[in-house]
Structure formats: C-alpha cells, structure tokens
Amino acid sequence: MEGRDDDKAAGGFEALRSTLRHTLRDPGIVRGVRSYLRVNQASGFDCPGCAWPDPDDRAALEFCEQGAKAVAHEATRHTIGAEFFRSHSIPSLLEQPGNWLERQGRLTEPLFRAHGSDHYEPISWEDAYARAGATLRGLASPDEAIFYTSGRTSNEAAFLYQLFVREFGTNNLPDCSNMCHESSGTGLTEVIGVGKGTVTLADFDAADAIFVIGQNPGSNHPRMLTTLQAARKRGCRIVSVNPLRERGLVRFAHPKDPLALLGRSQPITDLYVQVRVGGDVALLKALMKIVLREEAQTPGQILDWDFIQTHTSGFDELQASLDATPMEALVAASGVPLDAIEEAASVYLDAERVIICWAMGLTQHKHGVANVQEIVNLLLLRGNLGKPGAGPCPVRGHSNVQGDRTMGIFERPAASFLDRLEAEFGFAPPREHGVDTVGAIEAMRDGKARVFMALGGNFVVAAPDTPIVEAALAGMDLTVHVATKLNRSHLVTGKESLLLPCLGRSERDLQGGREQFVTVEDSMSVVHRSQGGLEPVGAGLRSEPAIVTGTARATLGEDSKVAWEELAADYDLVRDHIERVIPGFEEYNRRVRRPEGFTLPHAPQERRFETPDSRAGFRVHPLPPDPVGPGQFLMMTIRSHDQYNTTVYSEDDRYRGIEGGRRVVLVREGDLDGTGLHEDDVVTLTSHFEGETRSLSGFRIVAHDLPTRCVATYFPEANPLVPLRHRADGSRTPAYKSVVVSLHKGDAPGSAASETPG
Ligand SMILES: Nc1nc2c(c(=O)[nH]1)N[C@H]1C(S)=C(S)[C@@H](COP(=O)(O)OP(=O)(O)OC[C@H]3O[C@@H](n4cnc5c(=O)[nH]c(N)nc54)[C@H](O)[C@@H]3O)O[C@H]1N2
Ligand SMILES: Nc1nc2c(c(=O)[nH]1)N[C@H]1C(S)=C(S)[C@@H](COP(=O)(O)OP(=O)(O)OC[C@H]3O[C@@H](n4cnc5c(=O)[nH]c(N)nc54)[C@H](O)[C@@H]3O)O[C@H]1N2
Ligand SMILES: [Mo]
C-alpha cells in the first residue's frame with residue numbers, strides 16, 4: 001500500500017535535495033539561487049509561498065522547500081514574448097497541460113487578441129490601457145464588469161485596484177478568498193466581530209496545547225512546522241485532526257538541524273485524530289459535551305465562568321443543544337472512536353492555554369462556517385481567547401490574501417469603509433454589494449457581465465464546475481489578465497483579450513526614478529515591507545500599481561478625482577491615502593520601515609468584541625446530515641506536495657508516497673472489498689448533487705489510509721466534478737472538500753457491472 005510509512009519524516013535532507021533538484025534541473029533557473037538569500041529577510045521580499053508569519057529574529061535564513069520552489073519558479077530566466085505567440089496559436093496552447101504553459105517562462109510584453117483571431121499579438125502599453133478603458137466606458141452599467149484579485153497582490157496594488165473599481169462604479173470585486181478562507185472570515189466576524197485570527201506568533205511560545213485541524217502544513221505552510229516543533233519541545237501538546245495521516249504532521253526534521261542530514265527527526269503530533277471528511281462539527285460537539293460533563297462533575301472547576309458571564313452570549317442555548325444530542329450520534333458522525341475523542345478532550349482540559357489552527361479542510365464544506373464557529377464555541381468555554389497562548393488561528397493561503405481584504409478587496413464592503421473612501425477622494429463609491437467568485441461566474445453565464453479583469457490568479461482552473469466557467473469567460477466582450485506566467489485562464493478568451501505582464505515580487509521596482517517597495521500583511525495581522533532585488537526579467541514589464549493606475553486613467557479620464565500618475569510614481573503617497581482610509585495604519589510609512597513592521601490592532605485580543613451585543617457569541621449549529629448514499633463516497637479535493645494551487649511542479653506527491661500521475665483517487669483499501677474494483681484500476685468518477693451528475697474518467701485507484709467512505713482527489717484535476725451551487729451556507733465558499741461521488745470501472749459512468757459499497 002502506498003503512502004503509509006509513518007516513520008519517514010517531512011523536511012530534512014529530502015526537502016533540501018528536492019529544492020536543489022528544482023533549482024538546478026533547469027539551467028534557466030539560476031536567478032533563483034541568489035533570490036533565496038533575500039526571501040523573508042527584513043530587507044528582502046516577502047515569500048510568495050504562504051502567509052505564515054516570519055519570526056522577529058530573521059537573522060538566519062528562513063529556509064523552506066516550498067518557498068524556494070515558489071521563488072525559483074518566478075525567478076526563471078525563460079521568457080515568452082511576441083515570437084512565442086506567433087508560433088503558438090491559442091487553440092494549440094489550450095491543448096497543453098497547465099504545467100507546460102507555466103514552464104515556458106515569464107510573460108514579458110503586453111499582448112492583445114483581436115476578435116476572431118487565433119493568436120495573441122504585441123500591443124503597446126498605452127494602446128492596451130486605451131482598449132480596456134474604451135470597452136469599460138462603453139458598458140451599459142459598471143456592474144457589467146468584474147474585477148478579480150488573487151492573493152499575491154501587494155497592499156498598494158490592491159488599494160489602488162479597489163479605488164479604481166469603486167470610482168468606476170461597482171463593488172464587483174471577487175477574490176480568491178471567496179474560494180478559500182471566506183468561511184473563516186464570515187464565521188469569525190459573526191461571533192467575535194473581526195474576520196481574522198486572534199493569535200500572534202508569540203502565542204505559540206505560550207500555548208499548552210495546539211490543535212491543527214484540516215490543514216497540511218508539511219506541504220502548504222512548512223515554516224509552521226518549525227513553530228510546532230519548538231512548541232512541542234517545551235512540552236506543548238499537539239493534536240492533529242485530519243482524515244489523512246499527513247507525514248508532515250507526524251514527524252519533521254528541521255533542515256537546519258545538522259542531524260537531520262543523518263535522518264534524525266522529531267515527532268510533531270502527540271495525538272492524531274483521523275476524523276471522517278466533513279465530520280468536524282460532530283467531533284467538536286463531542287469534545288464540548290465532554291467538557292460540560294466534566295464541569296457537571298466538578299462544578300466551577302472546568303468552565304471559565306468569569307469569561308463566559310462577562311464576555312459571551314448564547315451559552316445556555318449551546319448547553320441545551322449539546323445536552324439534547326446523544327454522544328453516540330456524534331461518535332458515529334465524526335467517525336472517531338470514543339476513546340480517541342476522550343483523549344483529545346483531556347488534552348484540551350489539561351491545558352490552560354489552547355490555540356486551534358485550521359485551513360481548507362474546514363472551510364470548504366457546506367458547513368464550513370459552522371466548522372469555524374464550533375471551534376470558537378470550544379475555545380470560549382474555557383476562556384481560550386484574548387489571553388496569551390490561546391485563540392483561533394485560521395492559517396491563510398496566499399501570501400497577501402489577508403492584506404488584500406484589509407485594503408478593501410471585498411464585494412461586500414462596510415459602509416464605514418466607503419464613507420472614509422468618499423471623504424478622502426471626493427467621489428461617491430457605489431453602495432450596492434457586488435458579486436463574489438461564484439456570483440461572478442453566474443453573472444457571466446447569465447449574460448449580466450461583459451468584461452472580466454483579473455489581477456493575478458488562474459480563475460477558470462481554480463473555480464468549481466470548470467466547463468461552466470470556461471463557457472462564461474468565453475462569452476465576455478473583453479477579458480484582461482495581469483500575470484507573471486501563462487496559464488489556462490489567459491487562453492479562455494473573451495471576444496477580445498488583453499494579457500498584461502507584471503513584475504514579480506523578487507524583482508526591483510523602479511518608479512519615478514526611485515526603487516519602490518510594497519507592503520503585505522501576514523496571517524497574524526503583521527504588516528511589513530517587501531522589496532525585490534533582481535533585475536526584472538524583461539525591460540517591458542510594469543509593476544501591478546503601474547498597470548492598475550494606467551488602466552484607471554484610461555478608463556476614468558481626466559475627470560477622475562485621483563492623481564493616478566503621482567501615486568504610480570511614489571508608493572509612499574499610496575500609503576498616505578491608506579493611512580487616512582483604513583484604521584490601524586497610523587504613521588504607516590514610518591512604522592513599516594522598521595525591520596519587523598507593525599501589527600494591526602485587533603479588538604478581540606483585548607476581549608473587546610465589535611458584535612451587535614458587544615459579546616463573543618456561542619452559536620448553535622445542527623449536526624450536518626450525512627450526504628453519502630449507498631454506493632457513494634465523500635470526496636475531498638486536496639493539494640499535493642508538489643504544486644502551488646493551479647501551478648503543478650511535478651506529477652509526484654512525495655510525502656504521501658504517490659508517484660507518476662495526479663489523476664488518481666485515494667480510497668481506503670477495505671472499501672474496495674466486494675465492489676469488483678481493485679487498486680490500479682482506472683475508473684470514472686461521477687459526482688451527485690441535487691439530481692445532477694458530472695463525470696470525469698481516467699482516475700487510477702490508489703489504496704490509502706483513509707476513513708471509510710471517504711476518498712481524495714487532487715485540485716485542480718477534479719474541479720469539473722464540483723458543482724457551482726454546492727457551497728458553504730453563509731460564506732458561499734465552494735464545497736471543494738465534500739463532493740458526493742461514485743466510482744465506476746472504465747470510461748463511462750455506470751458502465752461497469754460493479755457497484756461500489758453501501
Ligand atoms: N506549497 C504550497 N503552499 C501553499 C499552497 C499550495 O498549493 N502549495 N496553497 C496556498 C493556499 S491558497 C492555501 S488556502 C493553503 C492551503 O493549505 P491546506 O488547507 O493545508 O491545503 P489542502 O491541501 O487544501 O488541504 C488541507 C487538509 O485538509 C484535510 N481535510 C480535507 N477535508 C477535511 C475535513 O473534512 N476535516 C478535516 N479535519 N480535514 C480535512 C486534507 O486531508 C488536507 O490535509 O496553502 C497555501 N500554501
Ligand atoms: N478543487 C479545489 N479547488 C480549489 C481549492 C481546493 O482546495 N480544491 N482551493 C481554492 C483556493 S484556497 C484558492 S486560494 C484558489 C486559488 O486561485 P488563484 O489564486 O486564482 O490561483 P493560483 O493558482 O494561485 O494563480 C496562479 C497564477 O497567478 C499568477 N501570478 C503569480 N504571481 C503573480 C504576481 O505576483 N502577480 C500577478 N499579477 N500574477 C501572479 C500566475 O500567472 C499564476 O499562473 O483556488 C481554489 N480552488
Ligand atoms: Mo487559498
């Protein structure tokens with residue numbers, strides 16, 4: 001059986017070797033080596049890999065295999081320009097796999113595809129802006145345009161972008177967060193008043209227990225393992241909750257530990273809870289039931305009554321609902337044996353200070369918001385919020401996804417934010433809410449939108465229900481993409497299409513005769529600067545702020561209230577505006593020049609809750625129904641070790657022991673019994689949603705250590721199986737991790753005699 005050797009560690013020599021292989025395999029990637037030296041250093045650029053914060057002591061190089069890959073990928077010397085697009089038609093490029101497209105290198109000149117043409121052709125920057133401006137001005141309403149953002153965009157570019165879009169007249173600002181941590185933002189805002197986590201890196205030094213739920217940091221936030229390892233060394237207990245035994249959560253060898261080269265590694269997790277996919281609400285309820293049972297046995301000893309009475313509301317309702325739910329139902333729904341639940345509960349009860357971390361394993365479910373609020377419920381019971389070493393910690397994905405939201409990339413902006421924008425710039429921003437990612441797809445599909453612009457990202461590949469999204473994009477009058485590298489979204493063009501190449505994070509950004517820097521916010525609300533040092537890979541590249549301001553001027557004309565050219569020439573001026581519009585950025589330009597940056601204020605850290613009743617809320621959620629019928633499985637779509645979202649570095653998934661192809665479906669070995677299906681069979685997957693089915697063929701069965709009736713496939717290969725309408729209640733995050741599927745041998749759904757187990 002593949003992928004089961006727990007004694008092997010994540011990190012260590014293997015990670016180092018994999019990085020070197022990545023850097024050296026391709027002679028075009030020499031620029032990468034020098035770049036590592038500047039990653040996450042106070043004077044360098046922010047790693048584009050993930051949003052895990054940097055330690056204050058950045059004297060030593062923060063080495064990370066995944067960060068190195070992300071940097072090497074951007075810092076390639078290979079470029080593609082006019083010649084490449086002359087010899088490759090758009091239809092021929094659409095035949096190529098995504099990793100082939102990205103491997104061709106960096107985009108270096110602005111490109112335009114005319115209506116009816118099969119090719120992208122060079123266009124001048126000024127003509128590109130003019131075309132975008134003319135089409136946008138010609139729309140019947142600003143709401144016919146959609147402006148997407150992916151989370152690598154800096155604070156400065158994001159602020160300028162939303163400013164442009166709002167002066168233009170719409171709040172149609174969907175972003176990757178809508179597919180990512182939206183359930184965290186929505187869930188936390190409702191119950192603690194802020195859509196961000198409350199802990200800082202220092203809290204990890206003070207916690208007695210850390211729960212890591214629905215997250216795979218060994219692959220997606222490797223620097224977090226260093227933090228977890230340090231916590232565990234001083235006696236903090238670590239509980240992992242995950243349907244898969246992720247190797248990075250089991251053992252870890254720090255690459256800087258000399259003994260790691262000899263294979264020495266440290267365990268990370270004290271208790272591994274293999275929950276069923278979608279079983280977390282049940283598990284968290286079960287933990288709370290045990291907490292309440294202990295309180296009943298030793299009244300006044302377990303719950304933090306002082307905190308509950310002073311700072312929370314809704315406790316009685318929570319208690320009543322837990323009392324009415326039998327433990328057996330929770331055990332069955334979680335898929336975790338009672339003794340393991342008891343053990344996890346005692347880790348929670350033995351700890352004075354508890355942090356709970358989570359990522360996509362919790363947010364991308366129909367009950368994603370409920371998952372997040374059950375975590376808060378559990379924390380509130382013992383006052384694990386707003387004190388050192390405790391609190392909720394959603395671990396963000398893209399390196400500046402949190403900052404983009406702070407800057408106003410949000411389709412549902414607060415009235416107070418719009419008021420301040422109006423006071424600062426003197427135009428009336430639109431008040432009506434715009435569309436999120438799913439809403440944007442629906443608007444395009446239904447003919448309500450005519451222009452799609454994207455500041456980064458790979459929209460058609462990242463979104464659910466791929467064929468619907470591709471048809472929607474193809475119906476646009478104009479698509480505009482600002483990007484570093486070619487991807488499929490750039491090839492699913494509207495009638496006309498612009499492809500605008502931008503500088504990467506690692507590159508020098510010269511504006512107004514001066515080297516500029518940008519700023520970003522990490523997962524723990526720390527704002528710091530980021531400045532690339534490499535020579536730009538092409539002379540024609542422009543920065544994201546330059547491209548946004550250029551498009552804004554061409555669209556809004558001379559009547560615009562914003563001095564776009566001045567802002568493009570001096571990012572300090574952009575930051576001055578941000579300081580006046582967004583709370584917490586006082587003395588932005590001065591404070592962000594400190595090596596460690598500064599931390600944004602966070603009321604819940606001081607136990608102040610900006611909720612309607614000024615209290616943190618306990619919330620009651622029903623137990624989610626089991627959606628899996630006879631012969632069906634619940635499928636999660638997850639990342640491999642060797643990809644960055646839609647950018648696939650290789651076909652292997654080293655830590656899970658899967659090699660030579662990503663079109664696989666991971667199934668529990670025992671679940672194959674009696675189905676006529678065997679390991680290595682190639683099957684068709686059919687998803688089932690409200691009477692609709694979607695099928696994809698060519699998936700090889702790999703036996704893996706999973707809970708029964710749960711299967712896993714990779715993102716983005718399985719995205720066509722995810723229904724657009726299947727999304728989280730409240731946050732509308734696509735339910736990428738709870739898709740009901742059946743498996744059938746061969747190429748067609750249901751073509752085989754075999755039935756899958758009930
Ligand atoms: N190298 C690298 N780094 C990345 C990224 C990348 O693609 N590559 N992507 C970035 C982005 S945008 C993000 S959002 C993050 C994503 O980081 P993660 O959230 O860690 O990524 P995923 O692979 O989506 O899956 C998360 C984990 O959730 C588990 N899981 C799935 N369903 C459930 C469930 O119902 N319950 C529980 N308890 N667990 C479940 C899966 O087994 C898996 O271990 O990483 C960021 N960093
Ligand atoms: N099935 C399934 N689908 C998912 C998920 C899942 O777990 N399962 N996860 C979801 C999540 S969490 C997320 S965040 C989304 C990700 O959705 P996106 O953010 O839209 O996708 P990425 O693959 O991160 O985008 C990569 C592209 O960004 C461009 N790029 C890279 N760096 C820069 C830069 O500095 N500037 C600019 N302008 N462009 C740049 C490059 O052209 C690259 O091809 O996918 C979602 N989709
Ligand atoms: Mo994400």
# chains A, B, ... in the order shown; residues from 1 in each chain; ligands from 1
$ residues_near_ligand --ligand "ligand 2" --cutoff "6 Å" --atoms "only C-alpha atoms and all ligand atoms" --output "NGL selection string"
:A and (150-153 or 176-177 or 179-180 or 455-459 or 462-463 or 482-487 or 504-505 or 637-638 or 645-647 or 715-716 or 719 or 736)
$ residues_near_ligand --ligand "ligand 1" --cutoff "7 Å" --atoms "only C-alpha atoms and all ligand atoms" --output "number ranges by chain"
A: 49-50, 66, 180-181, 213-217, 219-221, 241-244, 246, 275-280, 359-362, 396-398, 636-645, 737
$ closest_residue --among "A:Gly403, A:Leu534, A:Gly248, A:Val191" --to "Gln373 (chain A)" --atoms "only C-alpha atoms"
A:Val191
$ select_by_dssp --residues "region 456-498 of chain A" --states "strand (DSSP E or B)" --output "CSV table (one decimal) with N, CA and C atoms, in the first residue's frame"
chain,number,residue,atom,x,y,z
A,478,LEU,N,-14.7,41.3,-23.4
A,478,LEU,CA,-13.2,41.6,-23.1
A,478,LEU,C,-12.8,40.8,-21.9
A,479,THR,N,-11.7,40.1,-21.9
A,479,THR,CA,-11.0,39.6,-20.7
A,479,THR,C,-9.6,40.3,-20.6
A,480,VAL,N,-9.3,40.6,-19.4
A,480,VAL,CA,-8.0,41.3,-19.2
A,480,VAL,C,-7.3,40.6,-18.1
A,481,HIS,N,-6.1,40.1,-18.3
A,481,HIS,CA,-5.3,39.4,-17.3
A,481,HIS,C,-4.0,40.1,-17.0
A,482,VAL,N,-3.7,40.4,-15.7
A,482,VAL,CA,-2.4,40.9,-15.3
A,482,VAL,C,-1.7,39.7,-14.7
A,483,ALA,N,-0.5,39.3,-15.2
A,483,ALA,CA,0.0,38.0,-14.8
A,483,ALA,C,1.5,38.0,-15.0
A,485,LYS,N,3.0,34.7,-15.4
A,485,LYS,CA,3.2,33.5,-16.2
A,485,LYS,C,1.9,33.1,-16.9
A,496,GLU,N,-12.5,39.8,-27.2
A,496,GLU,CA,-11.2,40.4,-27.3
A,496,GLU,C,-10.5,40.1,-25.9
A,497,SER,N,-9.1,40.1,-26.0
A,497,SER,CA,-8.5,39.7,-24.8
A,497,SER,C,-7.1,40.4,-24.6
A,498,LEU,N,-6.8,40.9,-23.4
A,498,LEU,CA,-5.5,41.5,-23.2
A,498,LEU,C,-4.8,40.7,-22.1
$ closest_residue --among "A:Leu94, A:His115, A:Pro388, A:Pro337" --to "Ala206 (chain A)" --atoms "only C-alpha atoms"
A:Pro388
$ select_by_dssp --residues "region 478-638 of chain A" --states "alpha helix (DSSP H)" --output "PyMOL selection string"
chain A and resi 544-556+564-569+571-581+588-591
$ residues_around --residues "Arg103 (chain A)" --least-positions-apart "3" --cutoff "9 Å" --atoms "only C-alpha atoms" --output "PyMOL selection string"
chain A and resi 73+78+98-100+106+485-486+649
$ write_last_selection --atoms "N, CA and C atoms" --output "mmCIF file, in the first residue's frame"
data_model
loop_
_atom_site.group_PDB
_atom_site.id
_atom_site.type_symbol
_atom_site.label_atom_id
_atom_site.label_comp_id
_atom_site.auth_asym_id
_atom_site.auth_seq_id
_atom_site.Cartn_x
_atom_site.Cartn_y
_atom_site.Cartn_z
ATOM 1 N N HIS A 73 10.497 29.384 -9.263
ATOM 2 C CA HIS A 73 9.539 29.361 -10.346
ATOM 3 C C HIS A 73 9.351 30.754 -10.945
ATOM 4 N N HIS A 78 13.755 32.010 -18.296
ATOM 5 C CA HIS A 78 12.995 31.793 -19.527
ATOM 6 C C HIS A 78 11.917 32.857 -19.677
ATOM 7 N N GLY A 98 -1.394 22.427 -18.005
ATOM 8 C CA GLY A 98 -1.099 23.667 -17.278
ATOM 9 C C GLY A 98 0.364 23.817 -16.928
ATOM 10 N N ASN A 99 1.023 22.718 -16.502
ATOM 11 C CA ASN A 99 2.425 22.881 -16.095
ATOM 12 C C ASN A 99 3.339 23.156 -17.292
ATOM 13 N N TRP A 100 2.942 22.697 -18.464
ATOM 14 C CA TRP A 100 3.711 23.035 -19.660
ATOM 15 C C TRP A 100 3.621 24.548 -19.916
ATOM 16 N N ARG A 106 8.458 33.476 -18.154
ATOM 17 C CA ARG A 106 7.742 34.696 -17.765
ATOM 18 C C ARG A 106 7.214 35.442 -18.982
ATOM 19 N N LYS A 485 2.991 34.666 -15.383
ATOM 20 C CA LYS A 485 3.196 33.482 -16.228
ATOM 21 C C LYS A 485 1.908 33.070 -16.901
ATOM 22 N N LEU A 486 2.094 32.398 -18.035
ATOM 23 C CA LEU A 486 0.942 31.967 -18.821
ATOM 24 C C LEU A 486 0.182 30.853 -18.102
ATOM 25 N N TYR A 649 4.109 21.542 -9.996
ATOM 26 C CA TYR A 649 5.553 21.447 -10.225
ATOM 27 C C TYR A 649 5.949 20.074 -10.753
#
$ residues_around --residues "Tyr148 (chain A)" --least-positions-apart "5" --cutoff "7 Å" --atoms "only C-alpha atoms" --output "PyMOL selection string"
chain A and resi 173-175+453-455
$ write_last_selection --atoms "all heavy atoms" --output "compact mmCIF listing (two decimals), in the first residue's frame"
# COMPACT_ATOMS: atom_id res chain seq x y z
N LEU A 173 -15.92 42.95 -6.82
CA LEU A 173 -14.52 42.65 -6.51
C LEU A 173 -14.38 41.26 -5.89
O LEU A 173 -14.01 41.12 -4.72
CB LEU A 173 -13.97 43.71 -5.55
CG LEU A 173 -13.62 45.07 -6.18
CD1 LEU A 173 -13.58 46.17 -5.12
CD2 LEU A 173 -12.27 44.99 -6.89
N PRO A 174 -14.67 40.20 -6.66
CA PRO A 174 -14.46 38.86 -6.11
C PRO A 174 -12.96 38.61 -5.95
O PRO A 174 -12.16 39.24 -6.62
CB PRO A 174 -15.04 37.94 -7.19
CG PRO A 174 -14.89 38.71 -8.46
CD PRO A 174 -15.06 40.17 -8.09
N ASP A 175 -12.60 37.70 -5.07
CA ASP A 175 -11.17 37.36 -4.95
C ASP A 175 -11.01 35.89 -4.58
O ASP A 175 -12.00 35.19 -4.34
CB ASP A 175 -10.45 38.28 -3.95
CG ASP A 175 -10.83 38.00 -2.51
OD1 ASP A 175 -11.86 37.34 -2.27
OD2 ASP A 175 -10.09 38.45 -1.61
N MET A 453 -11.81 41.20 -15.61
CA MET A 453 -10.40 41.55 -15.44
C MET A 453 -9.86 40.80 -14.22
O MET A 453 -10.57 40.67 -13.22
CB MET A 453 -10.26 43.07 -15.23
CG MET A 453 -8.82 43.50 -14.96
SD MET A 453 -8.60 45.30 -15.08
CE MET A 453 -6.84 45.40 -14.71
N ALA A 454 -8.62 40.32 -14.30
CA ALA A 454 -8.03 39.58 -13.18
C ALA A 454 -6.65 40.12 -12.86
O ALA A 454 -5.79 40.21 -13.73
CB ALA A 454 -7.94 38.10 -13.50
N LEU A 455 -6.47 40.50 -11.60
CA LEU A 455 -5.15 40.88 -11.12
C LEU A 455 -4.53 39.61 -10.53
O LEU A 455 -4.69 39.31 -9.35
CB LEU A 455 -5.31 41.99 -10.07
CG LEU A 455 -4.07 42.80 -9.67
CD1 LEU A 455 -3.41 43.43 -10.88
CD2 LEU A 455 -4.45 43.89 -8.67
$ residues_around --residues "Gly197 (chain A)" --least-positions-apart "2" --cutoff "8 Å" --atoms "only C-alpha atoms" --output "list of chain:residue names"
A:Leu188, A:Gly195, A:Val199, A:Gly391, A:Pro392, A:Cys393, A:Pro394, A:Ser523, A:Met524
$ residues_around --residues "Asp127 (chain A)" --least-positions-apart "4" --cutoff "10 Å" --atoms "only C-alpha atoms" --output "number ranges by chain"
A: 110, 112, 123, 131-133, 554
$ residues_around --residues "Ala474 (chain A)" --least-positions-apart "4" --cutoff "7 Å" --atoms "only C-alpha atoms" --output "list in words"
Glu470, Val492, Thr493 and Gly494 of chain A
$ write_last_selection --atoms "N, CA, C and O atoms" --output "mmCIF file, in the first residue's frame"
data_model
loop_
_atom_site.group_PDB
_atom_site.id
_atom_site.type_symbol
_atom_site.label_atom_id
_atom_site.label_comp_id
_atom_site.auth_asym_id
_atom_site.auth_seq_id
_atom_site.Cartn_x
_atom_site.Cartn_y
_atom_site.Cartn_z
ATOM 1 N N GLU A 470 -15.576 28.112 -18.080
ATOM 2 C CA GLU A 470 -14.939 28.376 -19.377
ATOM 3 C C GLU A 470 -15.951 28.975 -20.360
ATOM 4 O O GLU A 470 -15.638 29.946 -21.053
ATOM 5 N N VAL A 492 -8.618 31.064 -22.329
ATOM 6 C CA VAL A 492 -10.076 31.001 -22.486
ATOM 7 C C VAL A 492 -10.518 32.459 -22.621
ATOM 8 O O VAL A 492 -10.925 33.108 -21.671
ATOM 9 N N THR A 493 -10.393 32.975 -23.823
ATOM 10 C CA THR A 493 -10.503 34.414 -24.007
ATOM 11 C C THR A 493 -11.939 34.837 -24.279
ATOM 12 O O THR A 493 -12.758 34.057 -24.768
ATOM 13 N N GLY A 494 -12.206 36.112 -23.998
ATOM 14 C CA GLY A 494 -13.455 36.719 -24.447
ATOM 15 C C GLY A 494 -13.317 37.050 -25.929
ATOM 16 O O GLY A 494 -12.362 36.637 -26.590
#
$ closest_residue --among "A:Ser240, A:Gln516, A:Asn178, A:Asn371" --to "ligand 3" --atoms "only C-alpha atoms and all ligand atoms"
A:Asn178
$ closest_residue --among "A:Ala320, A:Ala728, A:Ala158, A:Ala345" --to "Ile578 (chain A)" --atoms "only C-alpha atoms"
A:Ala158
$ closest_residue --among "A:Ile355, A:Val401, A:Ala332, A:Lys285" --to "ligand 3" --atoms "only C-alpha atoms and all ligand atoms"
A:Val401
$ closest_residue --among "A:Leu600, A:Asn400, A:Ser313, A:Ile90" --to "ligand 3" --atoms "only C-alpha atoms and all ligand atoms"
A:Asn400
$ atom_distance --atom1 "CA of Tyr655 (chain A)" --atom2 "CA of Phe252 (chain A)"
11.2 Å
$ decode --residues "region 192-218 of chain A" --atoms "N, CA, C and O atoms" --output "compact mmCIF listing (two decimals), in the first residue's frame"
# COMPACT_ATOMS: atom_id res chain seq x y z
N ILE A 192 -17.02 36.98 16.76
CA ILE A 192 -16.07 37.79 17.55
C ILE A 192 -15.89 39.20 16.99
O ILE A 192 -15.12 40.00 17.52
N GLY A 193 -16.55 39.51 15.88
CA GLY A 193 -16.54 40.88 15.38
C GLY A 193 -15.43 41.20 14.40
O GLY A 193 -15.43 42.26 13.79
N VAL A 194 -14.46 40.30 14.24
CA VAL A 194 -13.38 40.51 13.29
C VAL A 194 -13.17 39.21 12.52
O VAL A 194 -13.17 38.13 13.13
N GLY A 195 -12.96 39.30 11.22
CA GLY A 195 -12.82 38.10 10.41
C GLY A 195 -11.41 37.56 10.33
O GLY A 195 -11.03 36.94 9.33
N LYS A 196 -10.62 37.81 11.34
CA LYS A 196 -9.22 37.34 11.33
C LYS A 196 -8.96 36.56 12.62
O LYS A 196 -9.67 36.74 13.60
N GLY A 197 -7.88 35.79 12.63
CA GLY A 197 -7.49 35.07 13.83
C GLY A 197 -7.00 36.05 14.89
O GLY A 197 -6.66 37.19 14.59
N THR A 198 -6.96 35.58 16.14
CA THR A 198 -6.57 36.49 17.22
C THR A 198 -5.14 36.26 17.71
O THR A 198 -4.66 37.02 18.53
N VAL A 199 -4.48 35.20 17.26
CA VAL A 199 -3.19 34.89 17.87
C VAL A 199 -2.03 35.49 17.07
O VAL A 199 -2.16 35.79 15.89
N THR A 200 -0.91 35.66 17.75
CA THR A 200 0.33 36.09 17.10
C THR A 200 1.33 34.94 17.24
O THR A 200 1.10 33.98 17.98
N LEU A 201 2.47 35.11 16.59
CA LEU A 201 3.50 34.07 16.66
C LEU A 201 3.95 33.85 18.12
O LEU A 201 4.23 32.72 18.52
N ALA A 202 4.00 34.92 18.89
CA ALA A 202 4.43 34.80 20.29
C ALA A 202 3.49 33.89 21.09
O ALA A 202 3.92 33.22 22.04
N ASP A 203 2.22 33.84 20.70
CA ASP A 203 1.29 32.98 21.43
C ASP A 203 1.66 31.50 21.30
O ASP A 203 1.36 30.70 22.19
N PHE A 204 2.32 31.15 20.20
CA PHE A 204 2.74 29.75 20.04
C PHE A 204 3.82 29.36 21.06
O PHE A 204 4.01 28.19 21.33
N ASP A 205 4.51 30.37 21.60
CA ASP A 205 5.50 30.09 22.64
C ASP A 205 4.85 29.91 24.01
O ASP A 205 5.51 29.50 24.97
N ALA A 206 3.57 30.28 24.11
CA ALA A 206 2.92 30.25 25.43
C ALA A 206 1.81 29.20 25.52
O ALA A 206 1.32 28.91 26.61
N ALA A 207 1.44 28.60 24.37
CA ALA A 207 0.32 27.66 24.38
C ALA A 207 0.70 26.36 25.10
O ALA A 207 1.84 25.91 25.04
N ASP A 208 -0.30 25.76 25.77
CA ASP A 208 -0.10 24.43 26.37
C ASP A 208 -0.56 23.33 25.44
O ASP A 208 -0.17 22.17 25.59
N ALA A 209 -1.46 23.68 24.54
CA ALA A 209 -1.91 22.70 23.54
C ALA A 209 -2.24 23.44 22.25
O ALA A 209 -2.73 24.57 22.28
N ILE A 210 -1.92 22.79 21.13
CA ILE A 210 -2.25 23.35 19.82
C ILE A 210 -2.98 22.27 19.04
O ILE A 210 -2.48 21.14 18.92
N PHE A 211 -4.16 22.59 18.52
CA PHE A 211 -4.89 21.68 17.66
C PHE A 211 -4.70 22.16 16.22
O PHE A 211 -4.84 23.35 15.93
N VAL A 212 -4.36 21.23 15.31
CA VAL A 212 -4.20 21.57 13.89
C VAL A 212 -5.28 20.79 13.14
O VAL A 212 -5.19 19.57 13.01
N ILE A 213 -6.30 21.49 12.68
CA ILE A 213 -7.48 20.80 12.14
C ILE A 213 -7.64 21.13 10.65
O ILE A 213 -7.67 22.30 10.26
N GLY A 214 -7.71 20.08 9.83
CA GLY A 214 -7.99 20.32 8.41
C GLY A 214 -6.92 21.13 7.72
O GLY A 214 -7.22 22.02 6.92
N GLN A 215 -5.69 20.82 8.01
CA GLN A 215 -4.59 21.59 7.44
C GLN A 215 -3.40 20.65 7.24
O GLN A 215 -3.18 19.74 8.03
N ASN A 216 -2.63 20.89 6.18
CA ASN A 216 -1.47 20.05 5.87
C ASN A 216 -0.21 20.92 5.80
O ASN A 216 0.31 21.18 4.72
N PRO A 217 0.27 21.39 6.95
CA PRO A 217 1.36 22.37 6.92
C PRO A 217 2.67 21.83 6.34
O PRO A 217 3.45 22.60 5.79
N GLY A 218 2.90 20.52 6.42
CA GLY A 218 4.15 19.97 5.89
C GLY A 218 4.33 20.31 4.42
O GLY A 218 5.44 20.52 3.95
